[in-house]
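Chemist: For reference, the structure I am asking about is given below.
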Amino acid sequence: MTKRLLIVEDDPGLQSQMRWCFSSDLEVDVAADRATALASLRRNEPQVVTLDLGLPPDPGGASEGFALLDDILRLSPMVKVIVVTGREDKENAVKAIGMGASDFYQKPLDPDILTFVVNRAFRLAELERENQELASRQNGTNIKGIIAASPEMLSVCRTLEKVAPTDVTTLITGETGTGKELLARALHDLSHRSNQPFAAINCAAIPENLLESELFGYEKGAFTGATQSKKGKIESANGGTLFLDEIGDMPMSLQAKLLRFLQERSVDRVGGIKPVEVDVRVVCATHRDTRRLIDAGEFREDLYYRISEITLDVPALRERRGDPLLVARSLLQSLARQMDRPALSFSDDAVRAINGYNWPGNVREMINKVKRATIMAEGKRITAADLELSGDGETGENQLNLRQVREAAERNAITQALKTTGFNMAQASRLLGVTRPTLYNLTDKYRIDTSAEPVQV
Ligand SMILES: Nc1ncnc2c1ncn2[C@@H]1O[C@H](COP(=O)(O)OP(=O)(O)OP(=O)(O)O)[C@@H](O)[C@H]1O
């Protein structure tokens with residue numbers, strides 16, 4: 001694999017000195033400002049970047065350098081960034097490391113030390129790449145029921161394993177079907193409360209007027225039909241874990257009462273006189289944007305802070321590198337066994353379709369599709385059509401090679417970029433890290449229609 005270094009430096013003298021240091025061993029690109037650096041990052045995919053924090057329009061400060069550092073780590077989290085600071089600039093070096101830079105180097109330039117630091121960053125990048133590759137070949141977590149090998153999901157699992165033994169109130173956020181409930185159960189199963197009850201309630205599924213008594217319980221005679229007292233979910237979780245699913249949909253009127261419970265750790269049953277003490281660990285989940293709910297006045301900010309002592313952000317399936325295929329294969333294995341069709345496997349067009357689709361319903365949607373395909377497949381191979389996915393029009397197992405895979409991915413990325421930018425070729429080419437003529441060549445090659453689609457009304 002070609003080793004590629006991006007030098008971000010606005011001083012032409014230092015640029016050529018640094019280029020001279022490395023150009024015999026590495027492919028070197030140079031950028032003097034943020035926009036050029038980002039374009040080069042997209043186009044050349046360097047493994048290591050040296051970043052001078054003092055860039056125009058703020059060459060004397062570090063604001064532009066920090067903004068670029070943030071961009072780089074967001075766009076390409078695996079890239080190793082070495083920040084280059086002035087001699088006395090320890091504070092900014094520390095801040096950059098805190099933001100995620102892998103190392104720092106102080107001017108004036110010493111070729112031996114700089115070479116050493118850069119080589120070390122390349123070694124680290126290579127080790128991480130190998131590690132990721134290994135992880136993608138097997139399930140990387142021992143958490144029951146969770147199939148994952150992507151760094152994105154493994155990091156969530158590691159946090160979960162640390163948080164589980166504690167009693168901190170945890171908020172799990174993520175799109176629908178990403179496994180929030182599964183993770184809530186795992187928090188319980190890995191805690192010292194695992195032998196005690198796990199009580200779950202879906203705040204969105206119960207009508208507002210019933211939710212209070214479901215949660216807090218009621219005393220005999222509290223309302224018509226209350227012929228005897230009943231414990232609520234909170235009490236029934238005593239000693240164990242209470243899981244409040246879809247907390248973002250909890251009505252305002254109950255939010256105050258829930259907040260009081262979280263502060264006092266006792267519940268007031270509907271119609272009750274005396275509070276009942278309860279010892280539960282609370283885990284909440286929502287697929288909604290809590291910040292937006294708070295801004296819209298639909299969710300209490302004080303309650304939000306109470307429930308989110310720790311937050312687990314579960315990435316969407318499409319954001320988990322390598323996981324869609326891993327999860328699909330594992331689902332197929334168990335579903336095919338259940339349905340007595342153990343020899344089933346995915347055809348190449350199905351593999352491409354699984355990797356190319358964006359899974360808006362996440363793992364739940366994948367379960368449904370794989371289940372359907374397991375039933376529908378006619379031979380031993382499940383096709384993209386069995387999954388009700390588009391196979392990119394390319395079928396035939398014997399046609400597939402790396403070039404075709406790459407082309408399918410290219411076609412997909414170009415279509416996405418065009419849609420994202422409203423079919424603006426200049427913006428799309430920047431997003432894709434290619435020049436505009438290259439993008440025109442590619443859209444011709446793949447016969448992609450570059451005119452904006454009519455808006456559906
Ligand atoms: N990483 C995973 N590996 C295997 N199965 C998974 C994984 N994530 C989720 N699932 C399965 O996907 C289905 C949906 O998961 P779950 O109900 O936990 O999602 P959710 O995020 O709570 O969804 P919602 O927001 O709609 O309630 C479940 O059957 C669950 O077992």
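Labels for the structure tokens follow display order: chains A, B, ..., residues from 1 in each chain, ligands from 1.
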Taking only C-alpha atoms and all ligand atoms and a cut-off of 6 Å, can you tell me which residues surround ligand 1, written as a PyMOL selection string?

Modeler: chain A and resi 145-148+176-182+287+363-364

Chemist: Create the file for the chosen residues now, containing C-alpha atoms and written as a CSV table (one decimal), in the first residue's frame.

Modeler:
chain,number,residue,atom,x,y,z
A,145,GLY,CA,-27.1,-11.0,20.8
A,146,ILE,CA,-25.0,-8.2,19.3
A,147,ILE,CA,-23.2,-8.8,16.1
A,148,ALA,CA,-20.6,-6.2,15.4
A,176,THR,CA,-35.0,3.1,15.0
A,177,GLY,CA,-33.9,-0.6,14.7
A,178,THR,CA,-30.2,0.1,15.7
A,179,GLY,CA,-30.4,-2.2,18.7
A,180,LYS,CA,-31.1,0.3,21.5
A,181,GLU,CA,-33.3,-2.2,23.4
A,182,LEU,CA,-30.7,-4.9,22.9
A,287,HIS,CA,-34.7,7.7,18.4
A,363,VAL,CA,-30.9,-4.1,11.8
A,364,ARG,CA,-34.7,-4.6,12.1

Chemist: List every residue of range 115-328 of chain A that DSSP, applied to the backbone, labels as helix (DSSP H, G or I), and write the result as a count of residues only.

Modeler: 96

Chemist: For Arg265 in chain A, work out the shell of residues within 8 Å, counting only C-alpha atoms and skipping chain neighbours fewer than 6 positions away, then give it as number ranges by chain.

Modeler: A: 277-279

Chemist: Would you kindly return, as a list in words, each protein, DNA or RNA residue with an atom no farther than 10 Å from any atom of range 423-434 of chain A, considering only C-alpha atoms and excluding same-chain residues fewer than 3 positions away?

Modeler: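 Once the nearby chain positions are removed, what remains is Ala35, Leu38, Ala39, Ser40, Leu41, Arg42, Arg43, Asn44, Glu45, Glu410, Ala413, Ile414, Thr415, Gln416, Ala417, Leu418, Lys419, Thr420, Pro437, Thr438, Leu439, Tyr440, Asp449, Thr450, Ser451, Ala452 and Glu453 of chain A.
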
Chemist: How close does each residue of range 93-184 of chain A get to range 302-326 of chain A, giving the shortest atom pair and distance in Å to one decimal for every residue with an atom at most 12 Å away, counting only C-alpha atoms, sorted by chain and residue number, as JSON lines?

Modeler:
{"residue": "A:Gln132", "atom": "CA", "partner": "A:Arg321", "partner_atom": "CA", "distance": 9.3}
{"residue": "A:Glu133", "atom": "CA", "partner": "A:Gly322", "partner_atom": "CA", "distance": 9.2}
{"residue": "A:Leu134", "atom": "CA", "partner": "A:Gly322", "partner_atom": "CA", "distance": 11.2}
{"residue": "A:Ala135", "atom": "CA", "partner": "A:Gly322", "partner_atom": "CA", "distance": 9.3}
{"residue": "A:Ser136", "atom": "CA", "partner": "A:Gly322", "partner_atom": "CA", "distance": 6.1}
{"residue": "A:Arg137", "atom": "CA", "partner": "A:Leu326", "partner_atom": "CA", "distance": 8.0}
{"residue": "A:Gln138", "atom": "CA", "partner": "A:Leu326", "partner_atom": "CA", "distance": 7.9}
{"residue": "A:Asn139", "atom": "CA", "partner": "A:Leu326", "partner_atom": "CA", "distance": 7.8}
{"residue": "A:Gly140", "atom": "CA", "partner": "A:Asp323", "partner_atom": "CA", "distance": 10.4}
{"residue": "A:Ile146", "atom": "CA", "partner": "A:Asp323", "partner_atom": "CA", "distance": 11.1}
{"residue": "A:Ile147", "atom": "CA", "partner": "A:Leu326", "partner_atom": "CA", "distance": 7.6}
{"residue": "A:Ala148", "atom": "CA", "partner": "A:Asp323", "partner_atom": "CA", "distance": 6.0}
{"residue": "A:Ala149", "atom": "CA", "partner": "A:Asp323", "partner_atom": "CA", "distance": 6.2}
{"residue": "A:Ser150", "atom": "CA", "partner": "A:Arg321", "partner_atom": "CA", "distance": 5.2}
{"residue": "A:Pro151", "atom": "CA", "partner": "A:Arg321", "partner_atom": "CA", "distance": 7.4}
{"residue": "A:Glu152", "atom": "CA", "partner": "A:Arg320", "partner_atom": "CA", "distance": 5.7}
{"residue": "A:Met153", "atom": "CA", "partner": "A:Arg320", "partner_atom": "CA", "distance": 6.5}
{"residue": "A:Leu154", "atom": "CA", "partner": "A:Arg320", "partner_atom": "CA", "distance": 9.4}
{"residue": "A:Ser155", "atom": "CA", "partner": "A:Val314", "partner_atom": "CA", "distance": 9.7}
{"residue": "A:Val156", "atom": "CA", "partner": "A:Leu312", "partner_atom": "CA", "distance": 6.6}
{"residue": "A:Cys157", "atom": "CA", "partner": "A:Leu312", "partner_atom": "CA", "distance": 9.2}
{"residue": "A:Arg158", "atom": "CA", "partner": "A:Leu312", "partner_atom": "CA", "distance": 10.5}
{"residue": "A:Thr159", "atom": "CA", "partner": "A:Leu312", "partner_atom": "CA", "distance": 7.7}
{"residue": "A:Leu160", "atom": "CA", "partner": "A:Leu312", "partner_atom": "CA", "distance": 7.6}
{"residue": "A:Glu161", "atom": "CA", "partner": "A:Leu312", "partner_atom": "CA", "distance": 11.4}
{"residue": "A:Lys162", "atom": "CA", "partner": "A:Ile310", "partner_atom": "CA", "distance": 10.9}
{"residue": "A:Val163", "atom": "CA", "partner": "A:Ile310", "partner_atom": "CA", "distance": 8.0}
{"residue": "A:Ala164", "atom": "CA", "partner": "A:Ile310", "partner_atom": "CA", "distance": 10.7}
{"residue": "A:Thr166", "atom": "CA", "partner": "A:Ile310", "partner_atom": "CA", "distance": 10.7}
{"residue": "A:Asp167", "atom": "CA", "partner": "A:Glu309", "partner_atom": "CA", "distance": 10.1}
{"residue": "A:Val168", "atom": "CA", "partner": "A:Glu309", "partner_atom": "CA", "distance": 6.3}
{"residue": "A:Thr169", "atom": "CA", "partner": "A:Ile307", "partner_atom": "CA", "distance": 5.4}
{"residue": "A:Thr170", "atom": "CA", "partner": "A:Ile310", "partner_atom": "CA", "distance": 4.9}
{"residue": "A:Leu171", "atom": "CA", "partner": "A:Thr311", "partner_atom": "CA", "distance": 4.7}
{"residue": "A:Ile172", "atom": "CA", "partner": "A:Leu312", "partner_atom": "CA", "distance": 4.7}
{"residue": "A:Thr173", "atom": "CA", "partner": "A:Asp313", "partner_atom": "CA", "distance": 4.9}
{"residue": "A:Gly174", "atom": "CA", "partner": "A:Val314", "partner_atom": "CA", "distance": 4.9}
{"residue": "A:Glu175", "atom": "CA", "partner": "A:Ala316", "partner_atom": "CA", "distance": 6.3}
{"residue": "A:Thr176", "atom": "CA", "partner": "A:Ala316", "partner_atom": "CA", "distance": 8.6}
{"residue": "A:Gly177", "atom": "CA", "partner": "A:Ala316", "partner_atom": "CA", "distance": 8.6}
{"residue": "A:Thr178", "atom": "CA", "partner": "A:Ala316", "partner_atom": "CA", "distance": 6.1}
{"residue": "A:Gly179", "atom": "CA", "partner": "A:Val314", "partner_atom": "CA", "distance": 7.8}
{"residue": "A:Lys180", "atom": "CA", "partner": "A:Val314", "partner_atom": "CA", "distance": 7.2}
{"residue": "A:Glu181", "atom": "CA", "partner": "A:Val314", "partner_atom": "CA", "distance": 10.9}
{"residue": "A:Leu182", "atom": "CA", "partner": "A:Val314", "partner_atom": "CA", "distance": 11.1}
{"residue": "A:Leu183", "atom": "CA", "partner": "A:Val314", "partner_atom": "CA", "distance": 9.2}
{"residue": "A:Ala184", "atom": "CA", "partner": "A:Leu312", "partner_atom": "CA", "distance": 10.0}
